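S.K.: I'd like to ask some things about the structure below.
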Amino acid sequence: MSVRAPQGYVTVERAGATIITRHELADAMMQITAHGTIHEWAAAQQDTRVLQGRLPAYAVTLPFDGPPVVVRRNHHGGWLAHIRGDRFFARRMPYELFASLILLQAGVPTAAVVAHATYRINALERRIDVVTLELPAGRDFGAALLEDASHDVRTARWAAVTRLLDTLAAKGVWHQDLNVKNIYLIEPPDTPPLAVLLDVDRVRFHPPGALVARANASRLVRSLRKWRDTRGAAVSAQDLRLVTSAASGA
């Protein structure tokens with residue numbers, strides 16, 4: 001089933017592959033996928049930087065004076081990781097691309113998806129590569145919680161996270177896997193930190209309000225407790241109350 005590219009994007013067809021990409025990157029994607037997948041190309045570049053996750057992701061610069069991007073191969077988590085790995089049903093795509101566009105238009109900070117590639121395995125299954133603009137230097141919230149930071153730095157980081165929760169509630173955005181690894185903190189000098197939402201393929205859209213707020217807060221609190229109990233992350237009872245109260249509008 002073909003999917004119409006959103007405004008500003010075009011569809012590039014290759015043997016067994018469909019890439020929806022920003023129009024100005026079409027030539028780059030044609031060159032990259034001439035002999036393989038985007039993920040394979042990124043892994044082979046001399047200037048690539050490896051970012052560890054379920055599978056390695058690669059920070060690399062696109063050809064033809066393209067922007068710095070992160071190339072990621074989608075992979076199942078949890079019990080499905082051992083059964084289905086990086087194989088997804090065709091009807092699933094390209095949700096992440098459209099979700100990122102909706103979030104950005106709504107004012108939710110997230111990484112912009114500039115290309116989304118699906119590779120045919122068989123009639124029902126596909127592999128998926130997602131290309132996002134590389135975010136400014138930062139770290140995920142989980143890594144920040146493990147740092148020996150000052151009181152002021154910790155306070156600013158928690159404020160950024162609660163601002164993100166408030167924005168999600170106001171826009172009706174429910175992240176089904178909102179954990180400390182899916183919140184990315186950008187901390188420019190002399191500027192309040194910005195919390196950015198990641199892994200937006202797990203986002204669903206609902207009417208704004210308390211139900212969405214409680215769902216996001218509950219999922220994040222569960223992740224915070226896990227990091228506190230298993231990794232010794234600096235998470236106090238007051239921090240957990242801050243997440244719950246801010247997300248509920250209290």
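Letters for chains follow the order of the structure tokens (A, B, ...), residue numbers begin at 1 for each chain, and ligand numbers begin at 1 in the order shown.
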Could you give me, as a list in words, the residues within 8 Å of Leu101 (chain A), counting only C-alpha atoms and dropping anything in the same chain fewer than 4 positions from it?
M.R.: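 Those residues are Leu97, Gln105, Ala112 and Val113 of chain A.
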S.K.: Skipping near chain neighbours, those fewer than 2 positions away, what residues fall within 12 Å of Gly232 (chain A) using only C-alpha atoms, listed as a PyMOL selection string?
M.R.: chain A and resi 142-143+145-148+224-230+234-236
S.K.: If we count only C-alpha atoms and set the cut-off at 7 Å, which residues sit around region 13-19 of chain A, ignoring sequence neighbours fewer than 2 positions away in its own chain? Please answer as a list in words.
M.R.: Thr11, Thr21, Ala115, His116, Ala117, Thr118, Tyr119 and Arg120 of chain A
S.K.: When DSSP is applied to the backbone of this structure, which of region 164-217 of chain A are assigned strand (DSSP E or B)? Write them out as a ChimeraX atom specification.
M.R.: /A:173-175,183-186,194-197,203-205
S.K.: May I have the residues within 9 Å of His23 (chain A) as number ranges by chain, using only C-alpha atoms and disregarding those fewer than 5 positions away in the same chain?
M.R.: A: 8-11
S.K.: Would you output that residue set with C-alpha atoms, as a JSON list (two decimals), in the first residue's frame?
M.R.:
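The resulting result_16.json:
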```json
[["chain", "number", "residue", "atom", "x", "y", "z"],
["A", 8, "GLY", "CA", 7.95, 19.05, 1.73],
["A", 9, "TYR", "CA", 8.78, 15.35, 1.30],
["A", 10, "VAL", "CA", 9.05, 13.09, -1.73],
["A", 11, "THR", "CA", 8.96, 9.32, -2.21]]
```
S.K.: Please extract the residues of region 15-247 of chain A with a backbone DSSP assignment of helix (DSSP H, G or I) and present them as a PyMOL selection string.
M.R.: chain A and resi 23-32+38-44+80-83+90-92+95-106+141-145+151-171+180-182+200-202+210-231+237-247
S.K.: Please measure the separation of CA of Ile128 (chain A) and CA of Ala106 (chain A), giving the value in Å to one decimal.
M.R.: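 So the two atoms, CA of Ile128 (chain A) and CA of Ala106 (chain A), lie 25.3 Å apart.
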S.K.: Of the candidates A:Val173, A:Ala137, A:Ile20, A:Val50, which one gets nearest to Ala215 (chain A) if we count only C-alpha atoms?
M.R.: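 Closest residue, counting only C-alpha atoms: A:Val173.
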S.K.: Could you tell me how far CA of Leu55 (chain A) sits from CA of Asp27 (chain A), in Å to one decimal place?
M.R.: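 Pair CA of Asp27 (chain A) / CA of Leu55 (chain A) returns 26.7 Å.
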S.K.: Rank A:Arg204, A:Ser150, A:Thr33, A:Val114 by their smallest atom-to-atom distance to Val131 (chain A), using only C-alpha atoms, and report the top residue only.
M.R.: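 Using only C-alpha atoms, the shortest distance to Val131 (chain A) belongs to A:Val114.
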S.K.: For Val71 (chain A), find every residue with an atom within 8 Å (counting only C-alpha atoms), except residues of its own chain fewer than 5 positions away, and show them as a list in words.
M.R.: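 Residues meeting the cut-off are Ile38, His39, Ala42, Ala57, Tyr58, Ala59, Val60, Asp129, Val130, Val131 and Thr132 of chain A.
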S.K.: What is the distance, in Å and to one decimal place, between CA of Arg231 (chain A) and CA of Leu198 (chain A)?
M.R.: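 Value for the CA of Arg231 (chain A)-CA of Leu198 (chain A) distance: 21.4 Å.
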S.K.: If we count only C-alpha atoms, what is near Asp239 (chain A) at a cut-off of 12 Å, once residues fewer than 2 positions away on the same chain are taken out, given as a PyMOL selection string?
M.R.: chain A and resi 145+154-155+157-159+161-162+217+220-221+224-225+228+233-237+241-246
S.K.: Quick one: everything within 12 Å of His206 (chain A), counting only C-alpha atoms, minus sequence neighbours fewer than 6 positions away in the same chain. Send it as a list in words.
M.R.: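 Surrounding residues, per the criterion: Leu168, Ala169, Ala170, Lys171, Gly172, Val173, Trp174, His175, Val212, Ala213 and Ala215 of chain A.
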S.K.: My list of candidates is A:Asp201, A:Asp140, A:Glu125, A:Glu134. Which is closest to Arg84 (chain A) when distances are computed with only C-alpha atoms?
M.R.: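 Ranked by minimum distance to Arg84 (chain A), first place goes to A:Glu125.
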S.K.: Using only C-alpha atoms, which residue out of A:Leu124, A:Ala26, A:Leu178, A:Leu133 lies closest to Ser218 (chain A)?
M.R.: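 The answer is A:Leu178, which sits nearest to Ser218 (chain A).
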